[in-house]
file final.txt (compact mmCIF, C-alpha atoms)
# COMPACT_ATOMS: atom_id res chain seq x y z
CA MET A 21 -31.06 -15.24 11.00
CA ALA A 22 -30.04 -13.09 13.95
CA THR A 23 -26.54 -13.59 15.24
CA ALA A 24 -25.79 -14.41 18.83
CA THR A 25 -24.61 -10.86 19.27
CA GLU A 26 -27.89 -9.39 18.03
CA THR A 27 -30.02 -11.49 20.37
CA ARG A 28 -27.68 -11.29 23.34
CA ALA A 29 -26.67 -7.65 23.30
CA PRO A 30 -29.28 -4.96 22.67
CA THR A 31 -28.00 -1.62 21.42
CA SER A 32 -28.64 -0.04 24.84
CA SER A 33 -25.80 -2.09 26.27
CA ALA A 34 -23.56 -1.82 23.21
CA ALA A 35 -22.63 1.79 23.98
CA ARG A 36 -21.82 0.84 27.56
CA GLN A 37 -19.68 -2.05 26.38
CA GLY A 38 -17.78 0.26 24.07
CA ALA A 39 -17.23 2.74 26.89
CA LEU A 40 -15.98 0.03 29.24
CA ALA A 41 -13.64 -1.33 26.59
CA MET A 42 -12.17 2.14 26.07
CA ALA A 43 -11.71 2.99 29.77
CA PRO A 44 -8.36 1.20 30.27
CA LEU A 45 -6.91 2.73 27.12
CA LEU A 46 -8.11 6.15 28.21
CA ALA A 47 -6.26 5.71 31.49
CA ALA A 48 -3.12 4.88 29.50
CA VAL A 49 -3.29 7.88 27.17
CA ALA A 50 -4.58 10.45 29.67
CA PRO A 51 -1.05 11.35 30.82
CA PHE A 52 -0.24 12.38 27.29
CA GLY A 53 -3.26 14.69 27.31
CA LEU A 54 -2.08 16.21 30.58
CA VAL A 55 1.37 16.77 29.11
CA ILE A 56 -0.06 18.37 25.98
CA GLY A 57 -2.17 20.73 28.05
CA ALA A 58 0.84 21.65 30.14
CA THR A 59 2.88 22.15 26.97
CA VAL A 60 0.28 24.59 25.67
CA ALA A 61 0.48 26.49 28.96
CA ARG A 62 4.26 26.81 28.71
CA SER A 63 4.48 27.50 24.96
CA PRO A 64 4.12 30.85 23.17
CA ILE A 65 1.20 29.46 21.17
CA ASP A 66 -2.17 31.11 21.78
CA ALA A 67 -3.87 29.12 24.55
CA GLY A 68 -7.19 28.83 22.77
CA LEU A 69 -5.54 27.69 19.56
CA GLY A 70 -3.32 25.24 21.41
CA LEU A 71 -6.20 23.69 23.31
CA SER A 72 -8.35 23.62 20.17
CA THR A 73 -5.94 21.09 18.67
CA ALA A 74 -7.51 18.54 21.00
CA THR A 75 -10.72 18.94 19.01
CA LEU A 76 -9.40 19.85 15.60
CA LEU A 77 -6.56 17.33 15.33
CA TYR A 78 -7.65 14.88 18.02
CA GLY A 79 -4.38 13.01 18.17
CA GLY A 80 -1.55 13.42 20.68
CA SER A 81 1.47 13.15 18.39
CA ALA A 82 -0.07 15.43 15.76
CA GLN A 83 -1.07 17.97 18.39
CA LEU A 84 2.41 17.98 19.85
CA ALA A 85 4.00 18.37 16.44
CA ALA A 86 1.62 21.17 15.47
CA ILE A 87 2.16 23.02 18.75
CA ALA A 88 5.94 22.68 18.42
CA LEU A 89 5.95 23.91 14.82
CA VAL A 90 3.55 26.80 15.39
CA SER A 91 5.51 27.88 18.46
CA SER A 92 8.70 27.96 16.40
CA GLY A 93 7.09 30.09 13.70
CA ALA A 94 6.77 27.39 11.06
CA GLY A 95 4.83 28.14 7.92
CA VAL A 96 1.42 26.76 7.05
CA ALA A 97 2.84 24.21 4.62
CA ALA A 98 5.32 22.84 7.15
CA VAL A 99 2.59 22.37 9.76
CA VAL A 100 0.19 20.73 7.33
CA VAL A 101 2.79 18.39 5.81
CA THR A 102 4.08 17.33 9.22
CA VAL A 103 0.63 16.73 10.68
CA MET A 104 -0.46 14.79 7.60
CA THR A 105 2.68 12.65 7.81
CA VAL A 106 2.15 12.02 11.51
CA ASN A 107 -1.46 11.07 10.84
CA ALA A 108 -0.97 9.09 7.63
CA ARG A 109 -1.69 5.87 9.52
CA LEU A 110 -5.26 7.11 10.15
CA ALA A 111 -6.07 6.43 6.51
CA LEU A 112 -4.98 2.83 7.01
CA TYR A 113 -7.15 2.59 10.11
CA GLY A 114 -10.08 3.88 8.07
CA ALA A 115 -9.46 1.24 5.45
CA ALA A 116 -9.48 -1.41 8.16
CA MET A 117 -12.80 -0.17 9.56
CA GLY A 118 -14.73 -1.93 6.79
CA PRO A 119 -16.35 -4.53 9.06
CA VAL A 120 -17.59 -1.76 11.37
CA MET A 121 -18.82 0.61 8.67
CA GLU A 122 -20.53 -2.05 6.53
CA GLY A 123 -24.25 -1.29 6.22
CA GLN A 124 -24.05 1.91 8.26
CA PRO A 125 -26.02 5.07 7.38
CA ARG A 126 -24.13 7.77 5.61
CA TRP A 127 -24.30 10.24 8.54
CA PHE A 128 -22.53 7.74 10.77
CA ARG A 129 -19.73 7.21 8.26
CA TRP A 130 -19.04 10.93 8.09
CA VAL A 131 -19.34 11.47 11.85
CA GLY A 132 -17.64 8.24 12.87
CA ALA A 133 -14.63 8.95 10.68
CA TYR A 134 -13.70 11.92 12.88
CA PHE A 135 -13.11 9.64 15.87
CA ILE A 136 -10.57 7.38 14.14
CA VAL A 137 -7.44 7.42 16.25
CA ASP A 138 -5.16 4.73 17.71
CA PRO A 139 -7.16 3.76 20.83
CA GLN A 140 -10.43 3.82 18.89
CA TYR A 141 -8.98 1.54 16.25
CA VAL A 142 -7.71 -0.88 18.88
CA VAL A 143 -10.98 -1.05 20.79
CA VAL A 144 -13.19 -1.33 17.73
CA SER A 145 -11.04 -3.81 15.82
CA THR A 146 -10.88 -6.15 18.80
CA GLY A 147 -14.33 -5.59 20.29
CA VAL A 148 -16.70 -5.64 17.33
CA GLU A 149 -17.88 -9.02 16.15
CA PRO A 150 -18.04 -9.19 12.34
CA GLY A 151 -21.57 -10.60 12.37
CA ALA A 152 -23.04 -8.06 14.76
CA ALA A 153 -25.99 -5.92 13.67
CA ALA A 154 -25.20 -2.53 12.22
CA ALA A 155 -27.01 -0.74 15.07
CA TRP A 156 -25.04 -2.68 17.68
CA ARG A 157 -21.76 -1.92 15.95
CA ARG A 158 -22.72 1.75 15.68
CA HIS A 159 -23.61 2.10 19.36
CA TYR A 160 -20.48 0.25 20.45
CA TYR A 161 -18.33 2.51 18.27
CA LEU A 162 -19.95 5.68 19.58
CA GLY A 163 -19.78 4.54 23.21
CA ALA A 164 -16.05 3.98 22.89
CA ALA A 165 -15.55 7.19 20.91
CA ALA A 166 -17.46 9.38 23.38
CA THR A 167 -15.49 7.98 26.31
CA LEU A 168 -12.14 8.68 24.71
CA TRP A 169 -13.11 12.06 23.32
CA ILE A 170 -14.46 13.41 26.61
CA GLY A 171 -11.59 11.97 28.64
CA TRP A 172 -8.98 13.32 26.24
CA HIS A 173 -10.38 16.83 26.39
CA LEU A 174 -10.65 16.77 30.18
CA ALA A 175 -7.04 15.62 30.46
CA THR A 176 -5.82 18.34 28.10
CA VAL A 177 -7.64 21.10 29.97
CA ALA A 178 -6.45 19.72 33.33
CA GLY A 179 -2.88 19.74 32.08
CA TYR A 180 -3.27 23.31 30.89
CA LEU A 181 -4.65 24.47 34.23
CA ALA A 182 -2.10 22.58 36.32
CA GLY A 183 0.88 23.41 34.14
CA PRO A 184 1.50 27.01 35.21
CA VAL A 185 1.31 26.24 38.93
CA VAL A 186 4.00 23.62 38.69
CA PRO A 187 7.56 25.04 38.91
CA SER A 188 9.59 24.62 35.73
CA SER A 189 12.51 23.45 37.87
CA LEU A 190 10.62 20.18 38.40
CA GLY A 191 11.20 19.40 34.74
CA LEU A 192 7.72 17.97 34.20
CA ASP A 193 8.06 18.72 30.50
CA VAL A 194 10.43 15.74 30.39
CA ALA A 195 7.23 13.70 30.68
CA VAL A 196 6.68 14.34 26.97
CA PRO A 197 9.82 12.58 25.67
CA LEU A 198 9.41 10.02 28.46
CA TYR A 199 5.90 9.23 27.28
CA LEU A 200 7.07 8.99 23.67
CA ALA A 201 9.95 6.72 24.65
CA GLY A 202 7.61 4.62 26.77
CA ILE A 203 5.25 3.88 23.90
CA LEU A 204 7.99 3.73 21.25
CA VAL A 205 10.41 1.23 22.76
CA PRO A 206 7.99 -1.72 22.94
CA ARG A 207 7.19 -1.17 19.24
CA LEU A 208 10.81 -1.55 18.12
CA ALA A 209 10.35 -5.17 17.18
CA ASP A 210 12.06 -5.25 13.79
CA ARG A 211 14.93 -3.71 11.86
CA PRO A 212 12.88 -1.10 9.93
CA SER A 213 11.31 0.24 13.11
CA LEU A 214 14.71 0.44 14.80
CA ALA A 215 16.16 2.19 11.79
CA ALA A 216 13.23 4.61 11.67
CA ALA A 217 13.48 5.53 15.34
CA ALA A 218 17.26 5.80 15.48
CA THR A 219 17.57 7.84 12.30
CA GLY A 220 14.53 9.99 13.01
CA GLY A 221 15.74 10.86 16.49
CA LEU A 222 19.34 11.57 15.52
CA VAL A 223 18.48 13.69 12.49
CA ALA A 224 15.83 15.65 14.37
CA ALA A 225 18.26 16.33 17.21
CA ALA A 226 21.04 17.37 14.84
CA ALA A 227 18.72 19.63 12.87
CA SER A 228 16.81 20.99 15.84
CA GLY A 229 18.41 24.39 15.40
CA LEU A 230 16.90 24.91 11.97
CA PRO A 231 14.09 27.45 11.80
CA ALA A 232 10.36 26.85 11.55
CA GLY A 233 10.41 23.25 12.72
CA THR A 234 12.37 22.07 9.68
CA GLY A 235 14.45 19.78 11.87
CA LEU A 236 11.38 17.85 12.95
CA LEU A 237 10.28 17.35 9.35
CA LEU A 238 13.76 16.27 8.31
CA GLY A 239 13.91 13.80 11.17
CA ILE A 240 10.60 12.21 10.24
CA ALA A 241 11.50 11.99 6.56
CA ALA A 242 14.94 10.57 7.31
CA GLY A 243 13.45 8.00 9.66
CA ILE A 244 10.92 6.77 7.11
CA ALA A 245 13.61 6.65 4.43
CA ALA A 246 15.90 4.66 6.72
CA ALA A 247 13.12 2.19 7.43
CA ALA A 248 12.41 1.74 3.74
CA ALA A 249 16.11 1.27 3.01
CA SER A 250 16.54 -1.33 5.73
CA ASP A 251 13.36 -3.18 4.80
CA GLY A 252 14.82 -4.78 1.69
CA GLY A 253 11.52 -6.13 0.40
CA GLY A 254 10.07 -7.44 3.61
CA ARG A 255 10.16 -7.06 7.38
CA SER A 256 12.69 -9.17 9.30
CA MET B 11 -3.57 34.39 12.06
CA LYS B 12 -1.02 32.25 10.25
CA ALA B 13 -1.04 29.78 13.12
CA ALA B 14 -4.82 29.49 13.05
CA ILE B 15 -4.78 28.91 9.30
CA ALA B 16 -2.10 26.26 9.71
CA ILE B 17 -4.03 24.41 12.40
CA GLY B 18 -7.25 24.74 10.42
CA CYS B 19 -5.70 23.35 7.24
CA ALA B 20 -4.03 20.56 9.19
CA ALA B 21 -7.37 19.72 10.77
CA ALA B 22 -9.10 19.57 7.40
CA GLY B 23 -6.35 17.36 6.01
CA THR B 24 -6.48 15.09 9.03
CA TYR B 25 -10.22 14.64 8.70
CA GLY B 26 -9.67 13.88 5.02
CA LEU B 27 -7.26 11.09 5.95
CA ARG B 28 -9.74 9.68 8.44
CA ALA B 29 -12.67 9.81 6.05
CA LEU B 30 -10.82 8.80 2.89
CA PHE B 31 -11.49 5.07 2.96
CA VAL B 32 -14.58 5.29 5.15
CA THR B 33 -16.72 7.62 3.07
CA LEU B 34 -14.95 8.71 -0.09
CA VAL B 35 -13.27 5.85 -1.89
CA ARG B 36 -12.87 2.15 -1.57
CA PRO B 37 -9.55 1.23 0.04
CA PRO B 38 -7.07 0.24 -2.67
CA SER B 39 -4.53 -2.48 -2.45
CA LEU B 40 -1.54 -0.47 -1.42
CA PRO B 41 1.86 -1.44 -2.76
CA SER B 42 3.52 -3.47 -0.05
CA ALA B 43 6.53 -1.18 0.00
CA LEU B 44 4.30 1.86 0.61
CA GLU B 45 2.37 0.10 3.32
CA ARG B 46 5.57 -0.93 5.08
CA ALA B 47 6.98 2.58 4.82
CA LEU B 48 3.83 4.03 6.38
CA ALA B 49 4.06 1.50 9.19
CA SER B 50 7.47 2.96 10.04
CA ALA B 51 6.15 6.50 10.22
CA GLY B 52 5.07 6.01 13.84
CA PRO B 53 8.53 5.17 15.26
CA ALA B 54 10.14 7.89 13.15
CA VAL B 55 7.66 10.51 14.33
CA MET B 56 7.85 9.56 17.99
CA ALA B 57 11.64 9.52 18.02
CA ALA B 58 11.87 12.83 16.14
CA LEU B 59 9.35 14.47 18.47
CA ALA B 60 11.16 13.20 21.57
CA ALA B 61 14.53 14.39 20.27
CA THR B 62 13.16 17.82 19.33
CA HIS B 63 11.51 18.21 22.70
CA LEU B 64 14.70 17.23 24.52
CA ALA B 65 16.77 19.65 22.50
CA HIS B 66 14.34 22.54 22.85
CA PRO B 67 12.11 22.22 25.92
CA PRO B 68 9.13 24.58 26.09
CA ALA B 69 10.14 25.91 29.50
CA THR B 70 13.37 27.52 30.64
CA GLY B 71 14.94 27.15 34.04
CA GLY B 72 14.41 23.41 34.16
CA PRO B 73 16.89 20.54 34.42
CA GLY B 74 19.86 20.52 32.05
CA LEU B 75 20.21 18.46 28.90
CA THR B 76 22.40 15.77 30.50
CA SER B 77 19.87 15.08 33.24
CA ARG B 78 17.05 15.01 30.72
CA LEU B 79 18.86 12.61 28.41
CA LEU B 80 19.72 10.25 31.26
CA ALA B 81 16.14 10.38 32.53
CA VAL B 82 14.72 9.47 29.11
CA ALA B 83 17.34 6.73 28.67
CA ALA B 84 16.33 5.26 32.01
CA GLY B 85 12.67 5.46 31.08
CA ALA B 86 13.34 3.75 27.75
CA LEU B 87 15.24 0.94 29.46
CA VAL B 88 12.43 0.39 31.97
CA ALA B 89 9.89 0.45 29.13
CA HIS B 90 11.90 -2.23 27.36
CA ARG B 91 12.03 -4.41 30.45
CA THR B 92 8.53 -3.91 31.85
CA ARG B 93 6.42 -2.95 28.80
CA HIS B 94 4.54 -0.75 31.27
CA LEU B 95 4.16 2.93 30.39
CA TRP B 96 3.38 4.30 33.84
CA VAL B 97 6.34 2.48 35.39
CA ALA B 98 8.67 3.73 32.69
CA MET B 99 7.56 7.34 33.11
CA ALA B 100 7.82 7.14 36.89
CA ALA B 101 11.30 5.67 36.66
CA GLY B 102 12.43 8.39 34.28
CA MET B 103 11.11 11.18 36.48
CA ALA B 104 12.69 9.57 39.55
CA VAL B 105 16.05 9.50 37.78
CA LEU B 106 15.63 13.13 36.74
CA TRP B 107 14.83 14.35 40.22
CA GLY B 108 17.54 12.18 41.74
CA LEU B 109 20.12 13.70 39.40
CA GLU B 110 18.91 17.21 40.13
CA VAL B 111 19.27 16.62 43.86
CA ALA B 112 22.66 14.93 43.50
CA LEU B 113 24.04 17.58 41.17
CA GLY B 114 22.56 20.44 43.13
call {"tool": "encode", "arguments": {"input": "final.txt", "output": "structure tokens"}}
result
Amino acid sequence: MATATETRAPTSSAARQGALAMAPLLAAVAPFGLVIGATVARSPIDAGLGLSTATLLYGGSAQLAAIALVSSGAGVAAVVVTVMTVNARLALYGAAMGPVMEGQPRWFRWVGAYFIVDPQYVVVSTGVEPGAAAAWRRHYYLGAAATLWIGWHLATVAGYLAGPVVPSSLGLDVAVPLYLAGILVPRLADRPSLAAAATGGLVAAAASGLPAGTGLLLGIAAGIAAAAASDGGGRS
Amino acid sequence: MKAAIAIGCAAAGTYGLRALFVTLVRPPSLPSALERALASAGPAVMAALAATHLAHPPATGGPGLTSRLLAVAAGALVAHRTRHLWVAMAAGMAVLWGLEVALG
């Protein structure tokens, strides 16, 4: 028997619904794209390679980490390990996408996986009804994904183009740690998260003088270890 | 060349993470300790990135470290109070520019 979603919402509107659901989140993350583009413009990294991270890595924190490490001369292993650590949560998102991917053709699973990132997970996990038809779910997913992907790339390129014309004395690069602090602070809701952030930040700052981005890696590892140590078997 | 190889390998690994439980294997029941540790990766990464960026900004000739630290602290406080990203970033930049003007 057809669900209410199947009879009420043809696939032609599903993509539009996904796009509309993504629009507010895109507006929230677009500043990060601008900052990343501007960072590429001001960093020694090759511009094409820096901007290509928007497509290849498709994730703000991972892009920023990769750009920072490559700019500091880090080795391949350091970049890969850091990016994989930053993006480890994407595997969990994929595991949680079961209700969306159920009954989908194989091509969509392979293509759709590429678009898994924080805003996509949020929109899809909250906007897809479990009983919806596979075609509806697929169109909704792709509508949201296309909106974010296009917007993210436009923001990155805009940031790259605007970056060089803005005087460095304005300190617009401070927008990067400001953005990170802005999205981090509301998430510090328990002891492990606080321990992770405090330890990660302090260790990374103390070790920032180490070559090849080692300080960043050490900070991340120390933060995760601190969170695990303070967890004590369950979140408080 | 090394940079391109690094980004390429990181991209392949990232896609592997995304596709792992969507196309390749069924999602296992992760040990709770591992799942909790992974949940803390986000705050650790964001704090480490912010600290690294503050310590070594990509551009020279900009505001000093003290102004930058105070600006981020102000932004963090506003984020805590308002839970609004745009407001927090605007407040931080306002503090930064105010300090630059005041300190000359």
call {"tool": "closest_atom_pairs", "arguments": {"input": "final.txt", "of": "chain A", "to": "chain B", "cutoff": "7 Å", "atoms": "all atoms listed in the file", "output": "tab-separated table"}}
result
residue	atom	partner	partner_atom	distance
A:Thr59	CA	B:Pro68	CA	6.8
A:Arg62	CA	B:Pro68	CA	6.0
A:Ser63	CA	B:Pro68	CA	5.6
A:Leu69	CA	B:Ala14	CA	6.8
A:Leu76	CA	B:Ala21	CA	5.2
A:Leu77	CA	B:Ala21	CA	5.2
A:Ala85	CA	B:Leu59	CA	6.9
A:Val90	CA	B:Ala13	CA	5.9
A:Val96	CA	B:Ala16	CA	4.4
A:Val99	CA	B:Ala16	CA	6.1
A:Val100	CA	B:Ala20	CA	4.6
A:Val103	CA	B:Ala20	CA	6.2
A:Met104	CA	B:Thr24	CA	6.2
A:Val106	CA	B:Val55	CA	6.4
A:Asn107	CA	B:Thr24	CA	6.7
A:Ala108	CA	B:Leu27	CA	6.8
A:Arg109	CA	B:Leu48	CA	6.6
A:Leu110	CA	B:Arg28	CA	5.4
A:Ala111	CA	B:Leu27	CA	4.8
A:Gly114	CA	B:Phe31	CA	5.4
A:Ala115	CA	B:Phe31	CA	5.0
A:Arg129	CA	B:Thr33	CA	6.0
A:Trp130	CA	B:Thr33	CA	6.4
A:Ala133	CA	B:Ala29	CA	5.1
A:Tyr134	CA	B:Tyr25	CA	6.1
A:Ile136	CA	B:Arg28	CA	6.2
A:Ser188	CA	B:Gly72	CA	5.2
A:Ser189	CA	B:Gly72	CA	4.2
A:Leu190	CA	B:Gly72	CA	6.5
A:Gly191	CA	B:Gly72	CA	5.2
A:Val194	CA	B:Arg78	CA	6.7
A:Ala195	CA	B:Met99	CA	6.8
A:Pro197	CA	B:Ala60	CA	4.4
A:Leu198	CA	B:Val82	CA	5.4
A:Tyr199	CA	B:Met99	CA	6.3
A:Leu200	CA	B:Met56	CA	5.8
A:Ala201	CA	B:Ala86	CA	5.5
A:Gly202	CA	B:Leu95	CA	5.3
A:Ile203	CA	B:Leu95	CA	6.6
A:Leu204	CA	B:Pro53	CA	6.2
A:Val205	CA	B:His90	CA	5.9
A:Pro206	CA	B:His90	CA	5.9
A:Pro212	CA	B:Ser50	CA	6.8
A:Ser213	CA	B:Ser50	CA	5.6
A:Ala216	CA	B:Ala54	CA	4.7
A:Ala217	CA	B:Ala54	CA	4.6
A:Gly220	CA	B:Ala54	CA	4.9
A:Gly221	CA	B:Ala58	CA	4.4
A:Ala224	CA	B:Ala58	CA	5.2
A:Ala225	CA	B:Ala61	CA	5.2
A:Ser228	CA	B:Thr62	CA	6.0
A:Leu236	CA	B:Ala58	CA	6.0
A:Gly239	CA	B:Ala58	CA	5.5
A:Ile240	CA	B:Ala54	CA	5.2
A:Gly243	CA	B:Ala54	CA	4.8
A:Ile244	CA	B:Ala51	CA	5.7
A:Ala247	CA	B:Ser50	CA	6.3
A:Ala248	CA	B:Ala47	CA	5.6
call {"tool": "atom_distance", "arguments": {"input": "final.txt", "atom1": "atom CA of Leu71 of chain A", "atom2": "atom CA of Ala94 of chain A"}}
result
18.2 Å
call {"tool": "atom_distance", "arguments": {"input": "final.txt", "atom1": "atom CA of Ser81 of chain A", "atom2": "atom CA of Met11 of chain B"}}
result
22.7 Å
call {"tool": "atom_distance", "arguments": {"input": "final.txt", "atom1": "atom CA of Ala86 of chain A", "atom2": "atom CA of Ala104 of chain B"}}
result
28.9 Å
call {"tool": "residues_around", "arguments": {"input": "final.txt", "residues": "Tyr78 of chain A", "least_positions_apart": "4", "cutoff": "8 Å", "atoms": "all atoms listed in the file", "output": "list of chain:residue names"}}
result
A:Thr73, A:Ala74, A:Ala82, A:Gln83, A:Phe135, A:Val137
call {"tool": "residues_around", "arguments": {"input": "final.txt", "residues": "Ala35 of chain A", "least_positions_apart": "2", "cutoff": "8 Å", "atoms": "all atoms listed in the file", "output": "PDB file with C-alpha atoms, in the coordinates of the input"}}
result
ATOM      1  CA  THR A  31     -28.000  -1.620  21.420  1.00  0.00           C
ATOM      2  CA  SER A  32     -28.640  -0.040  24.840  1.00  0.00           C
ATOM      3  CA  SER A  33     -25.800  -2.090  26.270  1.00  0.00           C
ATOM      4  CA  GLN A  37     -19.680  -2.050  26.380  1.00  0.00           C
ATOM      5  CA  GLY A  38     -17.780   0.260  24.070  1.00  0.00           C
ATOM      6  CA  ALA A  39     -17.230   2.740  26.890  1.00  0.00           C
ATOM      7  CA  HIS A 159     -23.610   2.100  19.360  1.00  0.00           C
ATOM      8  CA  TYR A 160     -20.480   0.250  20.450  1.00  0.00           C
ATOM      9  CA  TYR A 161     -18.330   2.510  18.270  1.00  0.00           C
ATOM     10  CA  LEU A 162     -19.950   5.680  19.580  1.00  0.00           C
ATOM     11  CA  GLY A 163     -19.780   4.540  23.210  1.00  0.00           C
ATOM     12  CA  ALA A 164     -16.050   3.980  22.890  1.00  0.00           C
TER      13      ALA A 164
END
call {"tool": "closest_residue", "arguments": {"input": "final.txt", "among": "A:Trp172, A:Tyr180, A:Tyr141, A:Trp127", "to": "Ala41 of chain A", "atoms": "only C-alpha atoms"}}
result
A:Tyr141
call {"tool": "residues_around", "arguments": {"input": "final.txt", "residues": "Leu46 of chain A", "least_positions_apart": "2", "cutoff": "8 Å", "atoms": "all atoms listed in the file", "output": "JSON, numbers by chain"}}
result
{"A": [42, 43, 44, 48, 49, 50, 139, 167, 168, 171, 172]}
